[in-house]
Amino acid sequence: MSLDFYDAELRAHHEHLRAAYAISPGDQVVDIGCGTGLTTREAARAAAPGRVVGVDVSEAMLERARQLTAAERLDNVRYEFDDAQVHRFDPAAFDVAISRFGTMFFSDPIAAFANIAAALRPEARLLLLVWQRREHNQWARAIDTALGDAARPPPPGADPFSLGDAEATARILERAGFDAIRFEDVHEPVLYGRDLDAALAFVRGFQNVSAALASLSDGEAARTVERLRETLAAHYSDERGVVLDSHSWLITARRRRYEVDNMRPGPG
Ligand SMILES: C[S@@+](CC[C@H](N)C(=O)[O-])C[C@H]1O[C@@H](n2cnc3c(N)ncnc32)[C@H](O)[C@@H]1O
C-alpha cells in the first residue's frame with residue numbers, strides 16, 4: 001500500500017474522526033492499528049504533555065510512523081509493534097482509545113475489544129472509524145465487478161467490512177465492556193487523486209486485488225488490470241480526480257464501570 005496516498009484517500013472520512021477526538025492536554029491516548037501514525041501524531045499534539053501509544057502489527061508502517069513523528073519533533077509518542085488483540089497494555093492506563101480503520105482485522109473481535117477495554121480507565125472513551133458494509137461502499141463493489149470471477153471473499157481476519165453491521169458491532173462492543181455506543185453515518189467519497197496511473201497502482205496494492213491478480217494467467221491479469229483502469233477512469237473528473245462513493249461508521253463508546261462496581265463488597 002502506498003502509505004501517504006492512503007492519508008489522501010481518506011481525507012474526507014478523517015475530518016469526522018478529527019472533529020470528534022476531544023482529546024485534552026494531559027490525556028493518555030492509545031491508537032489501535034496506528035499504521036503510519038497520522039492520527040497518532042494528531043493525538044500527540046492535542047494530548048501533550050500526556051502521552052500517546054501507537055500499536056500496529058506492521059513494522060514497515062511503524063518505521064514510517066517513527067520517521068514522521070521524529071520529523072515533527074514529537075517526544076510524547078511511543079510505537080509498539082504488536083497485535084492489539086493480545087498486547088499487554090498497562091491496565092486502565094488510557095483516557096482515550098482511537099483507531100482509524102485499524103480494528104476490522106481481529107481474529108476474535110470480542111477478545112480484542114475486551115483487551116482494549118482493559119487498557120482504558122473506567123468511562124474512558126473509544127473512537128473508531130470503520131467501513132460500513134461492502135454493499136454501502138461503491139469503491140469496493142466497483143473493484144469487485146472489475147475483478148469479475150477472480151474476486152474472492154476475504155480470508156478470516158482480513159475483511160475490511162467485518163464491523164460494517166452496526167447491530168452486530170454494538171453487541172461485540174457491549175460484550176467487550178463498552179457502553180454508550182453510538183454510530184454516526186459518515187457518507188464521504190474516497191479520493192484516489194488526479195493521476196490515473198497512480199490511482200491504479202494504489203488499487204492494485206489492495207490485498208484482495210493483488211491476490212486476485214496473482215491467481216490469474218498473465219493474459220487474464222492484463223485484461224483485469226485494464227478493466228480496473230476503465231473503472232477508475234469512469235469515476236474521474238477534471239475537478240476532483242478519481243472519486244468513488246463510500247460510507248464509514250464513526251463509532252463512539254465508553255468503557256463500562258462494571259469492574260469497579262463488581263469489586264465493591266456485596267450484601268452478606
Ligand atoms: C487500513 S490500515 C489503517 C492504518 C492507520 N490507522 C491509518 O488510518 O493510517 C489498518 C492498520 O491496522 C493494522 N492492524 C491490523 N490488524 C492489527 C492488529 N491485530 N493489531 C494491531 N494492528 C493491526 C495494520 O497493520 C494496518 O496498519
# chains A, B, ... in the order shown; residues from 1 in each chain; ligands from 1
>>> residues_around(residues="A:Val55", least_positions_apart="2", cutoff="7 Å", atoms="only C-alpha atoms", output="number ranges by chain")
A: 31-34, 53, 79-82, 84
>>> write_last_selection(atoms="N, CA and C atoms", output="PDB file, in the first residue's frame")
ATOM      1  N   ASP A  31      -3.593   4.478  20.165  1.00  0.00           N
ATOM      2  CA  ASP A  31      -4.062   4.442  18.774  1.00  0.00           C
ATOM      3  C   ASP A  31      -3.896   3.012  18.270  1.00  0.00           C
ATOM      4  N   ILE A  32      -5.020   2.362  18.004  1.00  0.00           N
ATOM      5  CA  ILE A  32      -5.015   0.935  17.652  1.00  0.00           C
ATOM      6  C   ILE A  32      -4.864   0.768  16.137  1.00  0.00           C
ATOM      7  N   GLY A  33      -3.907  -0.050  15.719  1.00  0.00           N
ATOM      8  CA  GLY A  33      -3.648  -0.227  14.284  1.00  0.00           C
ATOM      9  C   GLY A  33      -3.274   1.116  13.684  1.00  0.00           C
ATOM     10  N   CYS A  34      -2.265   1.747  14.287  1.00  0.00           N
ATOM     11  CA  CYS A  34      -1.967   3.169  14.006  1.00  0.00           C
ATOM     12  C   CYS A  34      -1.360   3.381  12.626  1.00  0.00           C
ATOM     13  N   VAL A  53       0.383   6.168  22.713  1.00  0.00           N
ATOM     14  CA  VAL A  53       0.999   4.906  22.288  1.00  0.00           C
ATOM     15  C   VAL A  53       0.292   4.454  21.012  1.00  0.00           C
ATOM     16  N   TYR A  79       5.762   3.930  19.874  1.00  0.00           N
ATOM     17  CA  TYR A  79       5.124   2.944  18.995  1.00  0.00           C
ATOM     18  C   TYR A  79       5.459   1.532  19.476  1.00  0.00           C
ATOM     19  N   GLU A  80       4.458   0.679  19.491  1.00  0.00           N
ATOM     20  CA  GLU A  80       4.634  -0.717  19.918  1.00  0.00           C
ATOM     21  C   GLU A  80       4.287  -1.618  18.750  1.00  0.00           C
ATOM     22  N   PHE A  81       5.207  -2.530  18.429  1.00  0.00           N
ATOM     23  CA  PHE A  81       4.992  -3.491  17.346  1.00  0.00           C
ATOM     24  C   PHE A  81       4.329  -4.729  17.952  1.00  0.00           C
ATOM     25  N   ASP A  82       3.007  -4.845  17.808  1.00  0.00           N
ATOM     26  CA  ASP A  82       2.322  -5.991  18.413  1.00  0.00           C
ATOM     27  C   ASP A  82       0.884  -6.064  17.894  1.00  0.00           C
ATOM     28  N   ALA A  84      -2.811  -5.847  18.691  1.00  0.00           N
ATOM     29  CA  ALA A  84      -3.592  -5.167  19.731  1.00  0.00           C
ATOM     30  C   ALA A  84      -4.585  -6.114  20.406  1.00  0.00           C
TER      31      ALA A  84
END
>>> residues_near_ligand(ligand="ligand 1", cutoff="7 Å", atoms="only C-alpha atoms and all ligand atoms", output="ChimeraX atom specification")
/A:6-7,32-39,55-58,61,82-85,99-103,105-106
>>> write_last_selection(atoms="C-alpha atoms", output="compact mmCIF listing (two decimals), in the first residue's frame")
# COMPACT_ATOMS: atom_id res chain seq x y z
CA TYR A 6 -3.71 6.36 1.91
CA ASP A 7 -3.93 9.54 4.02
CA ILE A 32 -5.02 0.94 17.65
CA GLY A 33 -3.65 -0.23 14.28
CA CYS A 34 -1.97 3.17 14.01
CA GLY A 35 -0.29 2.46 10.65
CA THR A 36 1.94 5.35 9.63
CA GLY A 37 0.59 7.37 12.53
CA LEU A 38 -1.26 10.39 11.15
CA THR A 39 -3.88 10.03 13.90
CA VAL A 55 0.19 -0.11 18.25
CA ASP A 56 0.47 -1.92 14.93
CA VAL A 57 1.37 -5.36 13.54
CA SER A 58 3.27 -3.89 10.58
CA MET A 61 4.14 1.07 8.84
CA ASP A 82 2.32 -5.99 18.41
CA ASP A 83 -1.14 -7.44 17.87
CA ALA A 84 -3.59 -5.17 19.73
CA GLN A 85 -5.84 -8.19 20.35
CA SER A 99 -8.48 4.00 15.63
CA ARG A 100 -8.85 4.96 12.01
CA PHE A 101 -9.70 1.78 10.08
CA GLY A 102 -7.37 -0.27 12.31
CA THR A 103 -9.82 -2.51 14.20
CA PHE A 105 -8.90 -7.29 11.22
CA PHE A 106 -9.06 -9.04 14.59
>>> closest_residue(among="A:Gly54, A:Pro49, A:Pro91, A:Gly164", to="A:Asn76", atoms="only C-alpha atoms")
A:Pro49
>>> residues_around(residues="A:Arg256", least_positions_apart="5", cutoff="12 Å", atoms="only C-alpha atoms", output="number ranges by chain")
A: 92, 114, 117-118, 120-126, 173-181, 261-262
>>> select_by_dssp(residues="stretch 83-247 of chain A", states="alpha helix (DSSP H)", output="VMD selection string")
chain A and resid 109 to 119 138 to 147 166 to 176 196 to 204 207 to 214 218 to 234
>>> write_last_selection(atoms="C-alpha atoms", output="compact mmCIF listing (two decimals), in the first residue's frame")
# COMPACT_ATOMS: atom_id res chain seq x y z
CA PRO A 109 -13.07 -9.12 17.94
CA ILE A 110 -14.70 -9.59 21.36
CA ALA A 111 -11.37 -10.67 22.88
CA ALA A 112 -9.60 -7.82 21.10
CA PHE A 113 -12.00 -5.11 22.25
CA ALA A 114 -12.03 -6.60 25.78
CA ASN A 115 -8.24 -6.29 25.76
CA ILE A 116 -8.57 -2.65 24.66
CA ALA A 117 -11.28 -2.04 27.30
CA ALA A 118 -8.95 -3.37 29.99
CA ALA A 119 -6.35 -0.82 28.92
CA GLN A 138 -19.20 1.85 -4.13
CA TRP A 139 -15.39 1.65 -4.30
CA ALA A 140 -15.43 -1.98 -3.11
CA ARG A 141 -18.30 -3.04 -5.36
CA ALA A 142 -16.72 -1.36 -8.38
CA ILE A 143 -13.39 -3.07 -7.78
CA ASP A 144 -15.08 -6.47 -7.30
CA THR A 145 -17.00 -6.00 -10.56
CA ALA A 146 -13.75 -5.25 -12.38
CA LEU A 147 -12.12 -8.33 -10.84
CA ALA A 166 -23.88 -1.72 13.31
CA GLU A 167 -26.06 -4.07 15.38
CA ALA A 168 -23.51 -6.87 15.37
CA THR A 169 -20.68 -4.46 16.16
CA ALA A 170 -22.65 -2.88 19.02
CA ARG A 171 -23.09 -6.38 20.50
CA ILE A 172 -19.34 -7.03 20.19
CA LEU A 173 -18.52 -3.78 21.96
CA GLU A 174 -21.11 -4.38 24.71
CA ARG A 175 -19.76 -7.85 25.38
CA ALA A 176 -16.22 -6.46 25.42
CA LEU A 196 -4.97 7.68 -13.09
CA ASP A 197 -1.77 5.58 -13.17
CA ALA A 198 -1.09 6.34 -9.51
CA ALA A 199 -4.71 5.53 -8.60
CA LEU A 200 -4.45 2.22 -10.46
CA ALA A 201 -1.15 1.36 -8.75
CA PHE A 202 -2.73 2.14 -5.37
CA VAL A 203 -5.77 -0.06 -6.02
CA ARG A 204 -3.55 -2.89 -7.34
CA GLN A 207 -4.72 -7.15 -0.62
CA ASN A 208 -7.81 -8.60 -2.36
CA VAL A 209 -6.80 -7.11 -5.72
CA SER A 210 -3.21 -8.35 -5.64
CA ALA A 211 -4.39 -11.81 -4.51
CA ALA A 212 -6.95 -11.93 -7.35
CA LEU A 213 -4.40 -10.83 -9.97
CA ALA A 214 -1.87 -13.38 -8.70
CA ASP A 218 -0.69 -13.28 -17.41
CA GLY A 219 -3.22 -12.61 -20.17
CA GLU A 220 -6.23 -12.66 -17.85
CA ALA A 221 -4.41 -10.49 -15.30
CA ALA A 222 -3.61 -7.90 -18.00
CA ARG A 223 -7.27 -7.80 -19.10
CA THR A 224 -8.39 -7.46 -15.46
CA VAL A 225 -5.97 -4.59 -14.87
CA GLU A 226 -7.40 -2.92 -17.98
CA ARG A 227 -10.92 -3.30 -16.56
CA LEU A 228 -9.74 -1.78 -13.28
CA ARG A 229 -8.28 1.17 -15.19
CA GLU A 230 -11.56 1.65 -17.08
CA THR A 231 -13.47 1.53 -13.77
CA LEU A 232 -11.29 4.22 -12.24
CA ALA A 233 -11.45 6.31 -15.43
CA ALA A 234 -15.26 6.15 -15.31
>>> select_by_dssp(residues="stretch 158-243 of chain A", states="strand (DSSP E)", output="number ranges by chain")
A: 178-193, 236-237, 241-243
>>> write_last_selection(atoms="N, CA and C atoms", output="PDB file, in the first residue's frame")
ATOM      1  N   PHE A 178     -17.996  -2.189  26.801  1.00  0.00           N
ATOM      2  CA  PHE A 178     -18.281  -0.776  26.484  1.00  0.00           C
ATOM      3  C   PHE A 178     -19.768  -0.490  26.623  1.00  0.00           C
ATOM      4  N   ASP A 179     -20.092   0.771  26.901  1.00  0.00           N
ATOM      5  CA  ASP A 179     -21.487   1.210  26.825  1.00  0.00           C
ATOM      6  C   ASP A 179     -21.529   2.577  26.141  1.00  0.00           C
ATOM      7  N   ALA A 180     -22.711   3.199  26.144  1.00  0.00           N
ATOM      8  CA  ALA A 180     -22.913   4.485  25.447  1.00  0.00           C
ATOM      9  C   ALA A 180     -22.397   4.402  23.999  1.00  0.00           C
ATOM     10  N   ILE A 181     -22.767   3.310  23.311  1.00  0.00           N
ATOM     11  CA  ILE A 181     -22.227   3.033  21.968  1.00  0.00           C
ATOM     12  C   ILE A 181     -23.087   3.760  20.925  1.00  0.00           C
ATOM     13  N   ARG A 182     -22.460   4.594  20.117  1.00  0.00           N
ATOM     14  CA  ARG A 182     -23.184   5.376  19.103  1.00  0.00           C
ATOM     15  C   ARG A 182     -22.511   5.187  17.737  1.00  0.00           C
ATOM     16  N   PHE A 183     -23.355   5.177  16.706  1.00  0.00           N
ATOM     17  CA  PHE A 183     -22.849   5.058  15.330  1.00  0.00           C
ATOM     18  C   PHE A 183     -23.280   6.283  14.546  1.00  0.00           C
ATOM     19  N   GLU A 184     -22.318   6.976  13.945  1.00  0.00           N
ATOM     20  CA  GLU A 184     -22.651   8.104  13.066  1.00  0.00           C
ATOM     21  C   GLU A 184     -22.300   7.708  11.635  1.00  0.00           C
ATOM     22  N   ASP A 185     -23.279   7.869  10.745  1.00  0.00           N
ATOM     23  CA  ASP A 185     -23.060   7.541   9.331  1.00  0.00           C
ATOM     24  C   ASP A 185     -22.170   8.616   8.701  1.00  0.00           C
ATOM     25  N   VAL A 186     -20.978   8.232   8.279  1.00  0.00           N
ATOM     26  CA  VAL A 186     -20.080   9.172   7.589  1.00  0.00           C
ATOM     27  C   VAL A 186     -20.161   8.844   6.097  1.00  0.00           C
ATOM     28  N   HIS A 187     -20.815   9.706   5.364  1.00  0.00           N
ATOM     29  CA  HIS A 187     -21.019   9.477   3.928  1.00  0.00           C
ATOM     30  C   HIS A 187     -20.134  10.470   3.178  1.00  0.00           C
ATOM     31  N   GLU A 188     -18.982   9.998   2.755  1.00  0.00           N
ATOM     32  CA  GLU A 188     -17.981  10.847   2.103  1.00  0.00           C
ATOM     33  C   GLU A 188     -17.330  10.048   0.977  1.00  0.00           C
ATOM     34  N   PRO A 189     -16.700  10.738   0.045  1.00  0.00           N
ATOM     35  CA  PRO A 189     -16.000   9.998  -1.016  1.00  0.00           C
ATOM     36  C   PRO A 189     -14.645   9.462  -0.547  1.00  0.00           C
ATOM     37  N   VAL A 190     -14.177   8.417  -1.243  1.00  0.00           N
ATOM     38  CA  VAL A 190     -12.747   8.096  -1.173  1.00  0.00           C
ATOM     39  C   VAL A 190     -12.097   8.786  -2.371  1.00  0.00           C
ATOM     40  N   LEU A 191     -10.889   9.311  -2.152  1.00  0.00           N
ATOM     41  CA  LEU A 191     -10.247  10.192  -3.130  1.00  0.00           C
ATOM     42  C   LEU A 191      -8.961   9.536  -3.627  1.00  0.00           C
ATOM     43  N   TYR A 192      -8.973   9.106  -4.885  1.00  0.00           N
ATOM     44  CA  TYR A 192      -7.806   8.406  -5.417  1.00  0.00           C
ATOM     45  C   TYR A 192      -6.900   9.332  -6.244  1.00  0.00           C
ATOM     46  N   GLY A 193      -7.191  10.615  -6.254  1.00  0.00           N
ATOM     47  CA  GLY A 193      -6.263  11.574  -6.861  1.00  0.00           C
ATOM     48  C   GLY A 193      -6.468  11.782  -8.351  1.00  0.00           C
ATOM     49  N   TYR A 236     -13.592   9.425 -12.947  1.00  0.00           N
ATOM     50  CA  TYR A 236     -12.646  10.552 -12.959  1.00  0.00           C
ATOM     51  C   TYR A 236     -13.340  11.826 -13.436  1.00  0.00           C
ATOM     52  N   SER A 237     -13.034  12.934 -12.770  1.00  0.00           N
ATOM     53  CA  SER A 237     -13.424  14.233 -13.334  1.00  0.00           C
ATOM     54  C   SER A 237     -12.233  15.182 -13.190  1.00  0.00           C
ATOM     55  N   GLY A 241     -10.550  14.576  -9.751  1.00  0.00           N
ATOM     56  CA  GLY A 241      -9.770  13.351  -9.948  1.00  0.00           C
ATOM     57  C   GLY A 241     -10.662  12.127  -9.821  1.00  0.00           C
ATOM     58  N   VAL A 242     -10.088  10.994  -9.373  1.00  0.00           N
ATOM     59  CA  VAL A 242     -10.842   9.744  -9.250  1.00  0.00           C
ATOM     60  C   VAL A 242     -11.517   9.718  -7.873  1.00  0.00           C
ATOM     61  N   VAL A 243     -12.857   9.700  -7.898  1.00  0.00           N
ATOM     62  CA  VAL A 243     -13.636   9.786  -6.653  1.00  0.00           C
ATOM     63  C   VAL A 243     -14.693   8.689  -6.675  1.00  0.00           C
TER      64      VAL A 243
END
>>> atom_distance(atom1="atom CA of A:Ala70", atom2="atom CA of A:Arg18")
21.5 Å
>>> atom_distance(atom1="atom CA of A:His13", atom2="atom CA of A:Val29")
20.5 Å
>>> atom_distance(atom1="atom CA of A:Leu250", atom2="atom CA of A:Pro25")
22.8 Å
>>> closest_residue(among="A:Ile98, A:Ala60, A:Ala65, A:Val52", to="A:Tyr21", atoms="only C-alpha atoms")
A:Ile98
>>> residues_around(residues="A:Pro156", least_positions_apart="4", cutoff="12 Å", atoms="only C-alpha atoms", output="PyMOL selection string")
chain A and resi 104-109+152+160-162
>>> closest_residue(among="A:Ala44, A:Asp238, A:Pro153, A:Leu163", to="A:Leu129", atoms="only C-alpha atoms")
A:Leu163
>>> closest_residue(among="A:Pro155, A:Gly148, A:Gly50, A:Gly205", to="A:Phe94", atoms="only C-alpha atoms")
A:Gly50
>>> decode(residues="stretch 22-44 of chain A", atoms="N, CA and C atoms", output="JSON list (two decimals), in the first residue's frame")
[["chain", "number", "residue", "atom", "x", "y", "z"],
["A", 22, "ALA", "N", -11.83, 15.26, 20.72],
["A", 22, "ALA", "CA", -11.97, 15.90, 22.04],
["A", 22, "ALA", "C", -10.90, 15.42, 23.02],
["A", 23, "ILE", "N", -9.67, 15.37, 22.55],
["A", 23, "ILE", "CA", -8.54, 14.98, 23.41],
["A", 23, "ILE", "C", -8.05, 16.24, 24.12],
["A", 24, "SER", "N", -7.81, 16.12, 25.42],
["A", 24, "SER", "CA", -7.41, 17.29, 26.21],
["A", 24, "SER", "C", -5.94, 17.18, 26.61],
["A", 25, "PRO", "N", -5.29, 18.32, 26.86],
["A", 25, "PRO", "CA", -3.91, 18.27, 27.35],
["A", 25, "PRO", "C", -3.82, 17.39, 28.60],
["A", 26, "GLY", "N", -2.84, 16.50, 28.63],
["A", 26, "GLY", "CA", -2.68, 15.60, 29.77],
["A", 26, "GLY", "C", -3.31, 14.23, 29.56],
["A", 27, "ASP", "N", -4.18, 14.09, 28.54],
["A", 27, "ASP", "CA", -4.79, 12.77, 28.29],
["A", 27, "ASP", "C", -3.73, 11.75, 27.89],
["A", 28, "GLN", "N", -3.97, 10.50, 28.30],
["A", 28, "GLN", "CA", -3.16, 9.36, 27.84],
["A", 28, "GLN", "C", -3.98, 8.68, 26.74],
["A", 29, "VAL", "N", -3.38, 8.51, 25.57],
["A", 29, "VAL", "CA", -4.14, 8.05, 24.40],
["A", 29, "VAL", "C", -3.48, 6.81, 23.80],
["A", 30, "VAL", "N", -4.30, 5.86, 23.33],
["A", 30, "VAL", "CA", -3.76, 4.73, 22.58],
["A", 30, "VAL", "C", -4.42, 4.72, 21.20],
["A", 31, "ASP", "N", -3.59, 4.48, 20.16],
["A", 31, "ASP", "CA", -4.06, 4.44, 18.77],
["A", 31, "ASP", "C", -3.90, 3.01, 18.27],
["A", 32, "ILE", "N", -5.02, 2.36, 18.00],
["A", 32, "ILE", "CA", -5.02, 0.94, 17.65],
["A", 32, "ILE", "C", -4.86, 0.77, 16.14],
["A", 33, "GLY", "N", -3.91, -0.05, 15.72],
["A", 33, "GLY", "CA", -3.65, -0.23, 14.28],
["A", 33, "GLY", "C", -3.27, 1.12, 13.68],
["A", 34, "CYS", "N", -2.27, 1.75, 14.29],
["A", 34, "CYS", "CA", -1.97, 3.17, 14.01],
["A", 34, "CYS", "C", -1.36, 3.38, 12.63],
["A", 35, "GLY", "N", -0.88, 2.31, 11.98],
["A", 35, "GLY", "CA", -0.29, 2.46, 10.65],
["A", 35, "GLY", "C", 0.86, 3.46, 10.66],
["A", 36, "THR", "N", 0.84, 4.38, 9.72],
["A", 36, "THR", "CA", 1.94, 5.35, 9.63],
["A", 36, "THR", "C", 1.73, 6.55, 10.56],
["A", 37, "GLY", "N", 0.65, 6.52, 11.36],
["A", 37, "GLY", "CA", 0.59, 7.37, 12.53],
["A", 37, "GLY", "C", 0.06, 8.78, 12.35],
["A", 38, "LEU", "N", -0.69, 9.04, 11.28],
["A", 38, "LEU", "CA", -1.26, 10.39, 11.15],
["A", 38, "LEU", "C", -2.11, 10.73, 12.38],
["A", 39, "THR", "N", -2.99, 9.79, 12.75],
["A", 39, "THR", "CA", -3.88, 10.03, 13.90],
["A", 39, "THR", "C", -3.08, 10.04, 15.20],
["A", 40, "THR", "N", -2.03, 9.23, 15.27],
["A", 40, "THR", "CA", -1.18, 9.19, 16.48],
["A", 40, "THR", "C", -0.54, 10.56, 16.70],
["A", 41, "ARG", "N", -0.06, 11.14, 15.63],
["A", 41, "ARG", "CA", 0.62, 12.44, 15.75],
["A", 41, "ARG", "C", -0.38, 13.54, 16.09],
["A", 42, "GLU", "N", -1.56, 13.47, 15.48],
["A", 42, "GLU", "CA", -2.59, 14.46, 15.83],
["A", 42, "GLU", "C", -2.95, 14.35, 17.32],
["A", 43, "ALA", "N", -3.12, 13.11, 17.78],
["A", 43, "ALA", "CA", -3.45, 12.89, 19.19],
["A", 43, "ALA", "C", -2.32, 13.41, 20.08],
["A", 44, "ALA", "N", -1.08, 13.20, 19.66],
["A", 44, "ALA", "CA", 0.06, 13.62, 20.48],
["A", 44, "ALA", "C", 0.08, 15.14, 20.63]]
